[in-house]
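Colleague: Sharing query-v3.cif here; it has mmCIF, C-alpha atoms.
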data_model
loop_
_atom_site.label_atom_id
_atom_site.label_comp_id
_atom_site.auth_asym_id
_atom_site.auth_seq_id
_atom_site.Cartn_x
_atom_site.Cartn_y
_atom_site.Cartn_z
CA MET A 371 136.53 -3.26 35.22
CA THR A 372 133.19 -2.30 36.71
CA ALA A 373 131.68 1.10 36.06
CA ALA A 374 132.25 2.01 39.71
CA ALA A 375 135.91 1.03 39.48
CA GLU A 376 136.31 3.12 36.30
CA ARG A 377 134.82 6.10 38.06
CA THR A 378 137.23 5.61 40.97
CA GLN A 379 140.18 5.40 38.57
CA ASP A 380 139.00 8.55 36.78
CA ALA A 381 138.65 10.31 40.12
CA ASN A 382 142.19 9.32 41.13
CA LEU A 383 143.62 10.58 37.84
CA ALA A 384 141.57 13.75 38.15
CA GLY A 385 142.92 14.25 41.64
CA ASP A 386 146.46 14.03 40.34
CA ILE A 387 146.27 15.74 37.00
CA LEU A 388 146.58 19.28 38.29
CA ALA A 389 149.59 18.33 40.40
CA ILE A 390 151.12 16.63 37.37
CA ALA A 391 150.39 19.67 35.21
CA ARG A 392 151.88 22.00 37.78
CA GLU A 393 155.18 20.13 37.70
CA GLN A 394 155.22 19.32 33.99
CA VAL A 395 153.74 22.44 32.40
CA LEU A 396 154.26 25.22 34.90
CA GLU A 397 157.71 24.23 36.13
CA ARG A 398 159.17 22.62 33.01
CA GLY A 399 157.14 24.17 30.20
CA VAL A 400 156.21 20.82 28.68
CA GLY A 401 152.66 20.72 27.32
CA LEU A 402 150.25 17.99 28.37
CA ALA A 403 149.90 14.87 26.26
CA GLU A 404 146.55 13.80 24.80
CA GLU A 405 145.45 11.54 27.65
CA GLN A 406 146.46 14.21 30.14
CA VAL A 407 144.42 16.85 28.33
CA LEU A 408 141.50 14.46 28.40
CA ALA A 409 141.88 14.06 32.16
CA VAL A 410 141.77 17.84 32.51
CA LEU A 411 138.62 18.03 30.38
CA ARG A 412 137.04 15.42 32.65
CA LEU A 413 137.78 17.28 35.87
CA ALA A 414 134.76 17.79 38.06
CA ASP A 415 133.23 21.26 37.97
CA ASP A 416 134.30 21.90 41.56
CA ARG A 417 137.94 21.82 40.37
CA LEU A 418 137.38 24.48 37.72
CA ASP A 419 138.71 27.38 39.79
CA ASP A 420 141.90 25.45 40.61
CA LEU A 421 142.29 24.57 36.93
CA LEU A 422 141.85 28.17 35.78
CA ALA A 423 144.32 29.41 38.38
CA LEU A 424 146.93 26.93 37.17
CA ALA A 425 146.32 27.82 33.52
CA HIS A 426 146.75 31.48 34.40
CA ASP A 427 150.01 30.77 36.22
CA VAL A 428 151.24 28.86 33.16
CA ARG A 429 150.31 31.72 30.87
CA MET A 430 152.05 34.28 33.11
CA ARG A 431 155.16 32.12 33.46
CA TRP A 432 155.64 31.22 29.80
CA CYS A 433 153.92 34.08 27.92
CA GLY A 434 153.94 37.01 30.32
CA PRO A 435 151.24 39.46 31.35
CA GLU A 436 150.69 41.22 28.02
CA VAL A 437 147.59 40.73 25.92
CA GLU A 438 147.64 40.99 22.12
CA VAL A 439 144.64 42.84 20.77
CA GLU A 440 143.43 42.26 17.22
CA GLY A 441 140.71 43.44 14.89
CA ILE A 442 139.42 41.49 11.91
CA VAL A 443 137.46 42.39 8.82
CA SER A 444 135.88 40.51 5.97
CA LEU A 445 137.24 41.66 2.61
CA LYS A 446 135.10 39.24 0.65
CA THR A 447 131.94 38.01 2.33
CA GLY A 448 129.72 35.06 1.40
CA GLY A 449 129.47 32.98 -1.75
CA CYS A 450 132.14 30.53 -0.63
CA PRO A 451 132.21 27.24 -2.58
CA GLU A 452 133.19 25.20 0.48
CA ASP A 453 130.71 23.49 2.79
CA CYS A 454 132.06 24.19 6.28
CA HIS A 455 128.91 23.26 8.20
CA PHE A 456 129.28 26.04 10.78
CA CYS A 457 129.64 28.85 8.28
CA SER A 458 126.98 31.29 7.17
CA GLN A 459 129.22 32.34 4.27
CA SER A 460 129.02 29.03 2.45
CA GLY A 461 127.18 29.41 -0.84
CA ARG A 462 125.87 25.86 -0.40
CA PHE A 463 123.50 26.65 2.46
CA PRO A 464 120.34 28.79 2.49
CA THR A 465 121.71 31.41 4.88
CA PRO A 466 120.73 35.08 4.85
CA VAL A 467 124.30 36.20 4.14
CA ARG A 468 124.75 37.75 0.69
CA SER A 469 128.03 38.19 -1.13
CA ALA A 470 129.83 41.47 -0.59
CA TRP A 471 133.25 42.98 -1.28
CA LEU A 472 134.77 45.64 0.91
CA ASP A 473 136.39 48.39 -1.13
CA ILE A 474 139.85 49.78 -0.41
CA PRO A 475 138.66 52.94 1.40
CA GLY A 476 136.49 50.71 3.59
CA LEU A 477 139.44 48.47 4.34
CA VAL A 478 141.65 51.44 5.22
CA LYS A 479 138.93 52.77 7.52
CA ALA A 480 138.56 49.39 9.24
CA ALA A 481 142.32 49.22 9.81
CA ARG A 482 142.23 52.75 11.22
CA GLN A 483 139.38 51.82 13.59
CA THR A 484 141.31 48.79 14.72
CA LYS A 485 144.51 50.73 15.31
CA ALA A 486 142.56 53.28 17.37
CA THR A 487 141.67 50.56 19.89
CA GLY A 488 145.35 50.00 20.63
CA ALA A 489 145.38 46.77 18.65
CA THR A 490 148.65 45.66 17.07
CA GLU A 491 147.11 43.19 14.68
CA PHE A 492 144.67 43.58 11.80
CA CYS A 493 143.52 40.49 9.95
CA ILE A 494 142.08 40.66 6.44
CA VAL A 495 139.78 37.71 5.81
CA ALA A 496 138.08 36.35 2.71
CA ALA A 497 135.49 33.59 2.39
CA VAL A 498 137.12 31.55 -0.35
CA ARG A 499 138.62 28.13 -0.96
CA GLY A 500 141.82 29.91 -1.87
CA PRO A 501 142.70 33.33 -3.30
CA ASP A 502 142.46 34.07 -7.02
CA LYS A 503 144.33 36.84 -8.81
CA ARG A 504 141.59 39.38 -8.18
CA LEU A 505 141.59 38.74 -4.45
CA LEU A 506 145.37 38.84 -4.13
CA SER A 507 145.41 42.06 -6.12
CA GLN A 508 142.81 43.55 -3.74
CA VAL A 509 144.89 42.47 -0.75
CA ARG A 510 148.04 43.97 -2.28
CA ASP A 511 146.28 47.27 -2.96
CA GLY A 512 144.72 47.19 0.50
CA VAL A 513 148.00 46.64 2.34
CA LYS A 514 149.60 49.44 0.32
CA ALA A 515 146.72 51.80 1.06
CA ILE A 516 146.81 51.03 4.79
CA ARG A 517 150.51 51.89 4.87
CA GLU A 518 149.95 55.06 2.84
CA ASP A 519 147.38 56.02 5.46
CA GLY A 520 150.25 56.10 7.96
CA ASN A 521 149.00 53.01 9.78
CA ASP A 522 151.79 50.74 11.02
CA ILE A 523 149.52 48.06 12.43
CA GLN A 524 150.72 44.53 11.70
CA ILE A 525 148.74 42.90 8.93
CA ALA A 526 147.64 39.28 8.90
CA CYS A 527 145.59 37.50 6.26
CA SER A 528 143.16 34.60 6.13
CA LEU A 529 142.48 33.70 2.53
CA GLY A 530 142.01 29.95 2.56
CA MET A 531 144.34 27.37 1.09
CA LEU A 532 147.46 28.66 -0.62
CA THR A 533 149.96 27.59 -3.24
CA GLN A 534 153.67 28.13 -2.62
CA GLU A 535 153.60 31.02 -5.10
CA GLN A 536 150.78 32.67 -3.16
CA VAL A 537 152.61 32.19 0.13
CA ASP A 538 155.65 33.90 -1.36
CA GLU A 539 153.49 36.71 -2.68
CA LEU A 540 151.98 37.39 0.74
CA VAL A 541 155.43 37.43 2.32
CA ALA A 542 156.54 39.96 -0.30
CA MET A 543 153.52 42.15 0.54
CA GLY A 544 154.66 42.29 4.16
CA VAL A 545 151.91 40.08 5.58
CA HIS A 546 153.51 38.79 8.75
CA ARG A 547 150.98 36.23 9.98
CA TYR A 548 148.60 33.86 8.22
CA ASN A 549 145.43 32.40 9.70
CA HIS A 550 144.09 29.09 8.52
CA ASN A 551 142.12 27.22 11.15
CA LEU A 552 142.31 23.46 11.36
CA GLU A 553 138.82 23.97 12.85
CA THR A 554 138.52 20.67 14.71
CA ALA A 555 140.28 17.40 15.43
CA ARG A 556 141.45 15.47 12.42
CA SER A 557 139.08 12.61 13.32
CA ASN A 558 136.11 15.01 13.33
CA PHE A 559 136.95 17.09 10.27
CA ALA A 560 134.98 15.05 7.73
CA ASN A 561 131.86 15.63 9.84
CA VAL A 562 132.37 19.37 9.52
CA VAL A 563 133.74 19.86 5.99
CA THR A 564 133.52 17.56 2.98
CA THR A 565 134.83 19.78 0.18
CA HIS A 566 138.44 19.69 1.32
CA SER A 567 140.51 17.79 3.82
CA TRP A 568 142.21 18.48 7.13
CA GLU A 569 145.46 17.48 5.44
CA GLU A 570 145.06 20.16 2.78
CA ARG A 571 144.75 22.74 5.54
CA TRP A 572 147.78 21.28 7.30
CA ASP A 573 149.83 21.52 4.07
CA THR A 574 149.05 25.22 3.71
CA LEU A 575 150.08 25.83 7.30
CA ARG A 576 153.40 24.01 6.81
CA MET A 577 154.14 26.14 3.73
CA VAL A 578 153.31 29.30 5.67
CA ALA A 579 155.62 28.32 8.52
CA GLU A 580 158.46 27.37 6.19
CA ALA A 581 158.16 30.74 4.44
CA GLY A 582 158.78 32.49 7.75
CA MET A 583 155.30 33.84 8.33
CA GLU A 584 153.78 33.43 11.76
CA VAL A 585 151.17 30.68 11.81
CA CYS A 586 147.75 31.29 13.30
CA SER A 587 145.51 28.24 13.53
CA GLY A 588 142.74 27.26 15.87
CA GLY A 589 139.16 26.28 15.52
CA ILE A 590 135.63 26.18 16.76
CA LEU A 591 134.47 24.29 19.81
CA GLY A 592 130.94 23.02 20.13
CA MET A 593 130.54 21.39 16.71
CA GLY A 594 129.51 18.01 18.09
CA GLU A 595 133.04 16.87 18.87
CA THR A 596 133.61 14.50 21.78
CA GLU A 597 135.84 15.21 24.78
CA GLU A 598 138.35 12.80 23.29
CA GLN A 599 138.33 14.80 20.06
CA ARG A 600 138.89 18.03 21.97
CA ALA A 601 141.97 16.47 23.55
CA GLU A 602 143.06 15.17 20.16
CA PHE A 603 142.64 18.64 18.65
CA ALA A 604 144.69 20.29 21.39
CA VAL A 605 147.68 18.04 20.82
CA GLN A 606 147.37 18.28 17.04
CA LEU A 607 147.58 22.05 17.37
CA ALA A 608 150.52 21.66 19.74
CA GLU A 609 152.26 19.53 17.13
CA LEU A 610 151.70 22.25 14.54
CA ASP A 611 153.31 24.68 17.01
CA PRO A 612 151.50 27.81 15.81
CA HIS A 613 152.32 31.29 16.99
CA GLU A 614 148.65 31.83 17.77
CA VAL A 615 145.56 29.69 18.40
CA PRO A 616 142.21 31.49 18.06
CA MET A 617 139.48 29.79 20.07
CA ASN A 618 135.97 30.21 18.75
CA PHE A 619 132.78 28.83 20.24
CA LEU A 620 130.05 27.89 17.81
CA ILE A 621 127.41 30.49 17.15
CA PRO A 622 124.69 28.42 15.45
CA GLN A 623 124.04 30.21 12.18
CA PRO A 624 120.58 30.21 10.59
CA GLY A 625 120.45 28.12 7.43
CA THR A 626 123.58 26.10 8.17
CA PRO A 627 123.56 22.41 9.12
CA TYR A 628 124.50 23.49 12.65
CA GLU A 629 121.73 26.04 13.13
CA ASP A 630 120.06 23.94 15.84
CA HIS A 631 123.21 23.09 17.78
CA GLU A 632 123.09 24.21 21.39
CA PRO A 633 126.04 26.48 22.26
CA ILE A 634 128.33 24.83 24.78
CA GLY A 635 128.06 25.91 28.39
CA GLY A 636 130.32 28.47 30.02
CA ARG A 637 132.01 26.07 32.47
CA GLU A 638 132.71 23.62 29.70
CA ALA A 639 134.17 26.38 27.54
CA LEU A 640 136.42 27.61 30.35
CA LYS A 641 137.64 24.07 30.97
CA ILE A 642 138.55 23.74 27.28
CA VAL A 643 140.40 27.06 27.32
CA ALA A 644 142.45 26.02 30.34
CA ALA A 645 143.12 22.57 28.90
CA PHE A 646 144.40 24.09 25.66
CA ARG A 647 146.69 26.37 27.66
CA LEU A 648 148.11 23.37 29.49
CA ALA A 649 148.69 21.65 26.14
CA MET A 650 150.39 24.73 24.66
CA PRO A 651 152.11 26.70 27.43
CA ARG A 652 153.97 29.11 25.13
CA THR A 653 151.37 29.70 22.40
CA MET A 654 149.29 32.82 22.09
CA LEU A 655 145.74 31.75 22.93
CA ARG A 656 143.14 34.14 21.60
CA PHE A 657 139.50 34.59 22.50
CA ALA A 658 137.62 34.86 19.21
CA GLY A 659 134.03 34.47 18.05
CA GLY A 660 131.22 33.14 20.19
CA ARG A 661 132.60 34.08 23.59
CA GLU A 662 129.82 36.63 24.04
CA LEU A 663 127.16 33.94 23.66
CA THR A 664 128.97 31.13 25.46
CA LEU A 665 130.71 32.96 28.28
CA GLY A 666 129.10 36.36 28.72
CA ASP A 667 130.99 39.21 30.40
CA LEU A 668 131.89 37.34 33.58
CA GLY A 669 133.04 34.24 31.73
CA ALA A 670 135.26 36.29 29.43
CA GLU A 671 137.02 37.71 32.48
CA LYS A 672 137.45 34.23 33.91
CA GLY A 673 138.93 33.10 30.62
CA MET A 674 141.41 35.97 30.65
CA LEU A 675 142.37 34.72 34.12
CA GLY A 676 142.37 31.12 32.92
CA GLY A 677 145.00 30.96 30.20
CA VAL A 678 143.92 33.34 27.45
CA ASN A 679 146.42 36.06 26.46
CA ALA A 680 144.98 37.57 23.28
CA ILE A 681 141.62 38.83 22.17
CA ILE A 682 139.71 39.93 19.09
CA VAL A 683 137.98 43.20 19.84
CA GLY A 684 134.97 44.72 18.12
CA ASN A 685 132.93 42.90 15.54
CA TYR A 686 133.76 39.66 13.77
CA LEU A 687 133.29 38.79 10.09
CA THR A 688 129.53 38.45 9.90
CA ASN A 689 128.61 38.55 13.59
CA LEU A 690 128.77 41.42 16.01
CA GLY A 691 130.96 41.45 19.08
CA ARG A 692 130.74 43.69 22.07
CA PRO A 693 132.17 47.21 21.73
CA ALA A 694 135.97 47.25 21.74
CA GLN A 695 136.03 49.70 24.63
CA GLN A 696 134.26 47.17 26.82
CA ASP A 697 137.09 44.68 26.31
CA LEU A 698 139.74 47.36 26.79
CA ASP A 699 138.06 48.34 30.07
CA MET A 700 138.04 44.69 31.08
CA LEU A 701 141.79 44.40 30.44
CA GLU A 702 142.43 47.57 32.39
CA GLY A 703 140.36 46.24 35.28
CA LEU A 704 142.36 43.02 35.21
CA LYS A 705 145.59 45.05 35.08
CA MET A 706 146.66 43.28 31.92
CA PRO A 707 148.78 45.49 29.67
CA ILE A 708 148.10 45.57 25.95
CA LYS A 709 151.02 44.44 23.85
CA ALA A 710 152.58 47.31 21.92
CA ILE A 711 153.69 47.14 18.29
CA SER A 712 157.27 47.72 19.41
CA ASP A 713 157.07 44.44 21.34
CA THR A 714 155.96 42.45 18.33
CA ILE A 715 158.55 43.38 15.72
CA MET B 644 106.87 45.59 8.24
CA TYR B 645 109.23 42.63 8.30
CA CYS B 646 111.61 41.18 10.84
CA VAL B 647 115.20 42.14 9.98
CA HIS B 648 116.51 38.83 11.29
CA CYS B 649 114.25 36.27 9.59
CA GLY B 650 112.48 38.30 6.90
CA LYS B 651 109.01 37.18 7.96
CA PRO B 652 106.18 39.59 8.77
CA SER B 653 106.86 41.19 12.15
CA ALA B 654 103.26 40.81 13.21
CA ALA B 655 103.10 37.07 12.50
CA GLY B 656 104.63 34.47 14.81
CA ASP B 657 106.52 34.93 18.05
CA HIS B 658 109.98 35.61 16.54
CA LEU B 659 111.56 34.14 19.67
CA PRO B 660 114.81 33.18 17.89
CA CYS B 661 114.97 36.74 16.55
CA ARG B 662 114.99 38.18 20.06
CA GLY B 663 117.46 35.82 21.74
CA GLY B 664 121.13 36.17 22.52
CA ARG B 665 122.16 34.90 19.13
CA ALA B 666 120.16 37.57 17.33
CA ALA B 667 121.90 40.25 19.40
CA LEU B 668 125.10 39.22 17.63
CA GLU B 669 123.56 39.56 14.18
CA PRO B 670 123.29 42.71 12.09
CA PRO B 671 120.01 43.12 10.22
CA ARG B 672 119.83 40.74 7.27
CA TYR B 673 116.44 41.54 5.75
CA CYS B 674 114.94 44.86 4.77
CA ALA B 675 112.20 45.86 7.21
CA GLU B 676 110.29 47.49 4.35
CA CYS B 677 110.25 44.70 1.77
CA ALA B 678 111.99 41.64 3.33
CA ARG B 679 114.66 41.55 0.61
CA ARG B 680 117.95 40.05 1.73
CA MET B 681 120.35 42.92 2.21
CA VAL B 682 124.04 43.15 1.36
CA VAL B 683 125.65 43.47 4.78
CA GLN B 684 129.19 44.55 5.55
CA VAL B 685 130.42 44.13 9.11
CA THR B 686 133.49 46.12 10.14
CA PRO B 687 135.35 46.17 13.48
CA ALA B 688 133.35 49.14 14.73
CA GLY B 689 130.04 48.90 12.92
CA TRP B 690 127.99 47.52 10.06
CA SER B 691 126.11 48.64 6.99
CA ALA B 692 123.14 46.89 5.39
CA ARG B 693 121.96 47.80 1.89
CA CYS B 694 118.63 47.00 0.32
CA SER B 695 118.59 47.35 -3.47
CA ARG B 696 115.19 49.01 -3.19
CA HIS B 697 115.21 50.95 0.08
CA GLY B 698 118.80 52.06 0.51
CA GLU B 699 121.36 51.61 3.22
CA LEU B 700 121.20 51.48 6.99
CA THR B 701 124.27 51.72 9.17
CA SER B 702 125.02 50.88 12.78
CA ALA B 703 125.03 54.60 13.46
CA GLY B 704 121.28 54.34 12.94
CA VAL B 705 121.15 56.81 10.11
CA PRO B 706 119.74 55.79 6.73
CA ALA B 707 122.57 56.50 4.31
CA MET B 708 120.32 56.59 1.25
CA THR B 709 116.68 56.23 0.38
CA ASP B 710 114.93 56.17 -2.95
#
For this file, produce the structure as structure tokens.

Modeller:
Amino acid sequence: MTAAAERTQDANLAGDILAIAREQVLERGVGLAEEQVLAVLRLADDRLDDLLALAHDVRMRWCGPEVEVEGIVSLKTGGCPEDCHFCSQSGRFPTPVRSAWLDIPGLVKAARQTKATGATEFCIVAAVRGPDKRLLSQVRDGVKAIREDGNDIQIACSLGMLTQEQVDELVAMGVHRYNHNLETARSNFANVVTTHSWEERWDTLRMVAEAGMEVCSGGILGMGETEEQRAEFAVQLAELDPHEVPMNFLIPQPGTPYEDHEPIGGREALKIVAAFRLAMPRTMLRFAGGRELTLGDLGAEKGMLGGVNAIIVGNYLTNLGRPAQQDLDMLEGLKMPIKAISDTI
Amino acid sequence: MYCVHCGKPSAAGDHLPCRGGRAALEPPRYCAECARRMVVQVTPAGWSARCSRHGELTSAGVPAMTD
């Protein structure tokens, strides 16, 4: 086939893909397959508004109007033995991030600040390969102290790879959701991390799901992956069937192998968000790190009207976000109600 | 004085990366007095940055301790 004929075929598929998605995803609730996601990612920019509108309709139909608000905090920062190339907390790269532990009063205060925003979710994160006894003990004491503070916010954790015993321990603590990002497509993972495998992450997530905890797994876009790998990643996440998919956009971190990567453009990011929604019509899709740099204020609003139904407010683990109130005002302006704790338990 | 983002002398170089959008998402990492790497804790509503020599700064803008 000539290049011109290929372009014509692509254009024909692009012309149809939104109609196909409308029938398949919006009407029947069946997520797009890999080649269909790829066709969405290849839509011309002048179809972006139509794509976002469809993704929003899908979100409203299968998830509803509510938005889940979450805050996150780093319990143990830096000094991680793994080599995730995007991460300023890896001890293997000459980044400016130094190791730090948050004490229990600090954790309780962070949970209180998060609750005050109206958030229903508070995620405790540690930069580790997996938790050791000291870390699990700190988490146990932290969860207890947050409850003793009269805070009923739902607690999630992100502590790396787990053993079955550790999964059971977190369930017993009352941790209701576990985050462990697959980060990128399976075919791209070895370019991003070499100290552990995609399959090891997958195994932890299966254990978490089987133990009855909600699974939270997403990744970072803009790490050199191809369009094909973005489509691959979307369907791999769909196969995992997580409760939540956090979508991060790379913030190039000084000292990491990705420090010179250009952040992806706003239109491209919005297209990815909508494509992921069409691959996972019923999954909570959360705006996470990097949206400030990649999308700006206007782009974040477009994303909320393009398939996203959850958001991290306030700061991230090592990077700053915009003030929580700014996001809450945005949701109010969009007339999107914040999910209440009573709706989540 | 030193740049809190890269730790190099403020008066030397253009520090363009230290003034861009990415830097706006970064808490201070180096002490402005001595360029030591600081221990930084980011929380949902703020940050603190502690230099072993010159004390702690917080996002509230108030030095929490000085020697």

Colleague: Against region 647-665 of chain B, which residues of region 437-512 of chain A fall within 12 Å? For each one I want the closest pair of atoms and the distance in Å (one decimal), counting only C-alpha atoms, rows by chain and increasing residue number, as a tab-separated table.

Modeller:
residue	atom	partner	partner_atom	distance
A:Pro464	CA	B:Cys649	CA	12.0
A:Thr465	CA	B:Cys649	CA	10.1
A:Pro466	CA	B:Cys649	CA	8.1
A:Val467	CA	B:His648	CA	10.9

Colleague: Compile the residues of chain A that lie within 6 Å of chain B, evaluated using all atoms listed in the file, and express the compilation as a list of chain:residue names.

Modeller: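 So the residues of chain A near chain B are A:Val443, A:Arg468, A:Gly684, A:Asn685, A:Thr688, A:Asn689, A:Leu690.
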
Colleague: Just to confirm, what's the straight-line distance from CA of Glu584 (chain A) to CA of Ile681 (chain A) in Å (one decimal)?

Modeller: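 Going from CA of Glu584 (chain A) over to CA of Ile681 (chain A) covers 16.9 Å.
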
Colleague: Between A:Leu402, A:Ala680, A:Ala579, A:Leu665, which is the closest to Ile708 (chain A) once you count all atoms listed in the file?

Modeller: A:Ala680

Colleague: Could you pull the residues within 10 Å of region 416-428 of chain A, counting only C-alpha atoms, minus those fewer than 3 positions along the same chain, as a ChimeraX atom specification?

Modeller: /A:384-385,387-389,391-392,395-397,399,410-411,413,431-435,637-638,640-641,643-652,672-679

Colleague: Run the PyMOL selection byres ((chain A and resi 615-624) around 7) against the file shown and list the residues it catches, as a PyMOL selection string.

Modeller: chain A and resi 456-458+465+586-593+612+614+625-626+628-631+633+654-661+664

Colleague: Now that the selection is made, can you save its residues with C-alpha atoms as a short mmCIF file (atom, residue, chain, number, x, y, z; two decimals), in the coordinates of the input?

Modeller:
data_model
loop_
_atom_site.label_atom_id
_atom_site.label_comp_id
_atom_site.auth_asym_id
_atom_site.auth_seq_id
_atom_site.Cartn_x
_atom_site.Cartn_y
_atom_site.Cartn_z
CA PHE A 456 129.28 26.04 10.78
CA CYS A 457 129.64 28.85 8.28
CA SER A 458 126.98 31.29 7.17
CA THR A 465 121.71 31.41 4.88
CA CYS A 586 147.75 31.29 13.30
CA SER A 587 145.51 28.24 13.53
CA GLY A 588 142.74 27.26 15.87
CA GLY A 589 139.16 26.28 15.52
CA ILE A 590 135.63 26.18 16.76
CA LEU A 591 134.47 24.29 19.81
CA GLY A 592 130.94 23.02 20.13
CA MET A 593 130.54 21.39 16.71
CA PRO A 612 151.50 27.81 15.81
CA GLU A 614 148.65 31.83 17.77
CA GLY A 625 120.45 28.12 7.43
CA THR A 626 123.58 26.10 8.17
CA TYR A 628 124.50 23.49 12.65
CA GLU A 629 121.73 26.04 13.13
CA ASP A 630 120.06 23.94 15.84
CA HIS A 631 123.21 23.09 17.78
CA PRO A 633 126.04 26.48 22.26
CA MET A 654 149.29 32.82 22.09
CA LEU A 655 145.74 31.75 22.93
CA ARG A 656 143.14 34.14 21.60
CA PHE A 657 139.50 34.59 22.50
CA ALA A 658 137.62 34.86 19.21
CA GLY A 659 134.03 34.47 18.05
CA GLY A 660 131.22 33.14 20.19
CA ARG A 661 132.60 34.08 23.59
CA THR A 664 128.97 31.13 25.46
#

Colleague: Using 8 Å of padding on each side, determine the axis-aligned box around all atoms of region 639-652 of chain A present in the file and give its centre and edge lengths in Å to one decimal, as lines of an AutoDock Vina configuration file.

Modeller:
center_x = 144.1
center_y = 25.4
center_z = 27.8
size_x = 35.8
size_y = 23.5
size_z = 22.3

Colleague: One number please: CA of Val509 (chain A) to CA of Arg462 (chain A), in Å, one decimal.

Modeller: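 Calculated distance between CA of Val509 (chain A) and CA of Arg462 (chain A) is 25.3 Å.
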
Colleague: List as a PDB file with C-alpha atoms, keeping the file's coordinate frame the protein and nucleic acid residues near region 451-455 of chain A, meaning an atom at most 7 Å away when all atoms listed in the file are counted, but skip any in the same chain fewer than 2 places from it.

Modeller:
ATOM      1  CA  GLY A 449     129.470  32.980  -1.750  1.00  0.00           C
ATOM      2  CA  CYS A 457     129.640  28.850   8.280  1.00  0.00           C
ATOM      3  CA  SER A 460     129.020  29.030   2.450  1.00  0.00           C
ATOM      4  CA  GLY A 461     127.180  29.410  -0.840  1.00  0.00           C
ATOM      5  CA  ARG A 462     125.870  25.860  -0.400  1.00  0.00           C
ATOM      6  CA  VAL A 498     137.120  31.550  -0.350  1.00  0.00           C
ATOM      7  CA  ARG A 499     138.620  28.130  -0.960  1.00  0.00           C
ATOM      8  CA  VAL A 562     132.370  19.370   9.520  1.00  0.00           C
ATOM      9  CA  VAL A 563     133.740  19.860   5.990  1.00  0.00           C
ATOM     10  CA  THR A 564     133.520  17.560   2.980  1.00  0.00           C
ATOM     11  CA  THR A 565     134.830  19.780   0.180  1.00  0.00           C
ATOM     12  CA  THR A 626     123.580  26.100   8.170  1.00  0.00           C
ATOM     13  CA  PRO A 627     123.560  22.410   9.120  1.00  0.00           C
ATOM     14  CA  TYR A 628     124.500  23.490  12.650  1.00  0.00           C
TER      15      TYR A 628
END

Colleague: Provide the CA of Ala409 (chain A) to CA of Gln394 (chain A) distance in Å, to one decimal place.

Modeller: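 That distance, rounded to one decimal, is 14.5 Å.
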
Colleague: Can you list, as a list in words, every protein, DNA or RNA residue that comes within 12 Å of Asp697 (chain A) when you count all atoms listed in the file, leaving out same-chain residues fewer than 5 positions away?

Modeller: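 Returned residues: Val437, Glu438, Val439, Glu440, Thr487, Gly488, Ala489, Phe657, Arg661, Glu662, Gly666, Asp667, Leu668, Ala670, Glu671, Met674, Ala680, Ile681, Ile682, Val683, Gly684, Asn685, Gly691, Arg692, Glu702, Gly703, Leu704, Met706 and Ile708 of chain A.
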
Colleague: Please enumerate the residues selected by the PyMOL selection byres ((chain B and resi 675) around 8) when evaluated against the supplied file, formatted as a list in words.

Modeller: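 Written out, the selection comes to Met644, Tyr645, Cys646, Val647, Gly650, Tyr673, Cys674, Glu676, Cys677 and Ala678 of chain B.
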
Colleague: For region 676-689 of chain B of the structure just presented, write C-alpha atoms to a file, as a CSV table (one decimal), in the first residue's frame.

Modeller:
chain,number,residue,atom,x,y,z
B,676,GLU,CA,22.9,30.6,52.5
B,677,CYS,CA,25.3,27.7,52.0
B,678,ALA,CA,24.0,25.6,49.0
B,679,ARG,CA,23.7,22.5,51.2
B,680,ARG,CA,21.0,20.1,50.0
B,681,MET,CA,18.1,20.4,52.4
B,682,VAL,CA,15.8,17.7,53.8
B,683,VAL,CA,12.4,18.6,52.2
B,684,GLN,CA,9.0,17.4,53.3
B,685,VAL,CA,6.1,18.1,51.0
B,686,THR,CA,2.6,17.8,52.5
B,687,PRO,CA,-0.8,18.3,50.8
B,688,ALA,CA,-0.9,22.0,51.9
B,689,GLY,CA,2.7,23.0,52.2
